[in-house]
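Undergrad: Quick one: the structure is below, and I'll ask about it shortly.
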There are 2 protein chains.
Amino acid sequence: MEPMPIEQARSLFIRRWGEMGATWGISRTMAEIHALLYLATKPLCTDDIMDHLAVSRGSASMNLRELVNWGLIQRVHQRGDRKEYFEAETDVWQMFETITRERRRREVLPIMETLERCLEMLDDARATSDAPAPEEVATYRKRFRDIYEFCDVMNTLFNSVAKAGRRGIAPLGKLIAKFVR
Amino acid sequence: MEPMPIEQARSLFIRRWGEMGATWGISRTMAEIHALLYLATKPLCTDDIMDHLAVSRGSASMNLRELVNWGLIQRVHQRGDRKEYFEAETDVWQMFETITRERRRREVLPIMETLERCLEMLDDARATSDAPAPEEVATYRKRFRDIYEFCDVMNTLFNSVAKAGRRGIAPLGKLIAKFVR
DNA sequence: GATTGTTTTCAGAAAGCATTGAAGGAGATC
DNA sequence: GATCTCCTTCAATGCTTTCTGAAAACAATC
């Protein structure tokens with residue numbers, strides 16, 4: 001029997017979302033589970049996921065936990081059923097907000113802290129007796145500061161965009177398009 | 001002998017940049033080479049990189065090529081020297097522009113094409129004799145469209161930000177901030 | 001066109017990651 | 001408290017990516 005077009009669409013999307021995740025440092029299976037839940041019209045349980053994606057119980061469990069940690073999916077209880085069900089956030093702007101917040105915390109902040117420490121070290125460098133070439137220190141300082149400031153600006157920008165987004169994509173799109181011109 | 005603070009700062013930054021790359025789907029070594037070149041005050045050759053990072057010639061060669069492909073570093077010739085030297089782009093806004101352009105081409109566009117195809121499939125689904133639940137089709141359509149539009153807005157946004165770049169991202173930031181309020 | 005210095009390639013080795021499956025745990029139900 | 005159902009954990013396994021090192025290719029110089 002031919003799979004229905006709607007099934008084909010789903011499986012195509014899931015496959016692509018998985019590939020995409022892989023190039024983004026997210027495991028293929030985790031991204032696929034996310035895609036499956038994002039499309040689902042009702043909460044799914046672990047067995048649903050195992051069946052659909054042909055993965056082991058262990059893998060499903062681990063990846064689901066990780067997705068819950070990221071805040072991209074939620075556990076939901078179905079009354080009168082002992083199984084646990086899962087449901088994805090479907091508001092893409094909320095998703096964006098969640099992902100950028102987490103990535104900021106896990107990845108951008110550590111970089112910024114490191115840059116601060118590096119800048120402090122440069123100050124120490126100036127204080128040492130055997131002075132390093134002062135213009136080299138100046139160059140390093142600029143390189144460190146440039147990235148630091150970039151992170152800072154991006155933090156602010158992403159915050160605003162996440163907030164703006166929820167009010168509706170279209171107005172924001174128009175606003176930006178006008179700015180570009 | 002104690003390493004000088006400026007060396008410490010460099011090695012700390014390189015290490016962190018490498019770890020960061022790893023969580024971003026960029027190989028640790030490639031990110032480290034990039035960091036090394038980003039800080040360097042003059043072009044470096046393959047041997048410099050091998051020495052500093054303790055990697056093999058093969059690995060250095062491969063990763064350097066990849067970085068050139070991404071447009072993040074350039075080959076430069078040193079007059080009267082047969083070796084090839086490399087130099088990183090140091091304008092962070094230019095880096096941002098380069099990276100987002102490439103990622104868009106490699107990753108966002110394919111997703112958008114897939115979403116278009118998925119939407120077409122849903123149209124086909126409506127046409128088939130054994131009709132799938134129409135409200136399920138409607139839900140899928142919305143989910144696909146939401147991501148599509150999100151990508152669209154993000155494309156525009158990143159374009160604008162890259163253009164605005166150093167010249168001042170502030171006006172765009174203000175505009176969006178005003179919109180949020 | 002041989003020599004020398006440099007880069008690229010690639011098969012095999014190593015490292016890093018994700019997945020499996022079975023054992024164990026935690027709760028609900030009888 | 002025994003049983004049943006489902007969830008989690010983790011050591012072992014398999015897969016993918018990355019790195020190595022030597023050989024081949026290339027290019028400049030004599």
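Convention: chains lettered A, B, ... in structure tokens order; per-chain residue numbering from 1; ligands numbered from 1 as shown.
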Counting only C-alpha atoms (C1' of nucleotides), which residues of chain A come no farther than 9 Å from chain C, as a count of residues only?

TA: 8

Undergrad: For chain A versus chain D, which residues have an atom no more than 12 Å away, and what is each residue's nearest atom pair and distance in Å rounded to one decimal, using only C-alpha atoms (C1' of nucleotides), chain-then-number order, as a Markdown table?

TA:
```
| residue | atom | partner | partner_atom | distance |
| --- | --- | --- | --- | --- |
| A:Ala22 | CA | D:DT16 | C1' | 11.4 |
| A:Ser27 | CA | D:DT16 | C1' | 11.8 |
| A:Cys45 | CA | D:DC6 | C1' | 10.6 |
| A:Thr46 | CA | D:DC7 | C1' | 9.4 |
| A:Asp47 | CA | D:DC6 | C1' | 10.2 |
| A:Arg57 | CA | D:DC7 | C1' | 9.2 |
| A:Gly58 | CA | D:DT8 | C1' | 7.9 |
| A:Ser59 | CA | D:DT8 | C1' | 10.6 |
| A:Ala60 | CA | D:DC7 | C1' | 10.6 |
| A:Ser61 | CA | D:DT8 | C1' | 7.4 |
| A:Met62 | CA | D:DT8 | C1' | 8.4 |
| A:Asn63 | CA | D:DT8 | C1' | 11.8 |
| A:Leu64 | CA | D:DC7 | C1' | 11.4 |
| A:Arg65 | CA | D:DT8 | C1' | 10.0 |
| A:Asp81 | CA | D:DT5 | C1' | 10.4 |
| A:Arg82 | CA | D:DC6 | C1' | 7.4 |
| A:Lys83 | CA | D:DC6 | C1' | 6.4 |
| A:Glu84 | CA | D:DC6 | C1' | 8.4 |
| A:Tyr85 | CA | D:DC6 | C1' | 11.5 |
```

Undergrad: After a least-squares fit of chain B on chain A across every C-alpha pair in order, what's the RMSD, to one decimal?

TA: 1.5 Å

Undergrad: Would you pick out the contacts of Val108 of chain A at 12 Å or less, using only C-alpha atoms (C1' of nucleotides), so that residues sharing its chain but fewer than 2 positions from it are not included, and give the list as a ChimeraX atom specification?

TA: /A:100-106,110-115,147-155 /B:16-17,19-21,23-24

Undergrad: Find the residues in chain B near chain A: any atom within 7 Å counts, using only C-alpha atoms. Write them as an MDAnalysis selection string.

TA: chainID B and resid 5:6 9 13 16 20 23:25 39 92 107 111 114 118 121:122 124:125 140 143 146:147 153 156:157 160 173 176:177 179:180
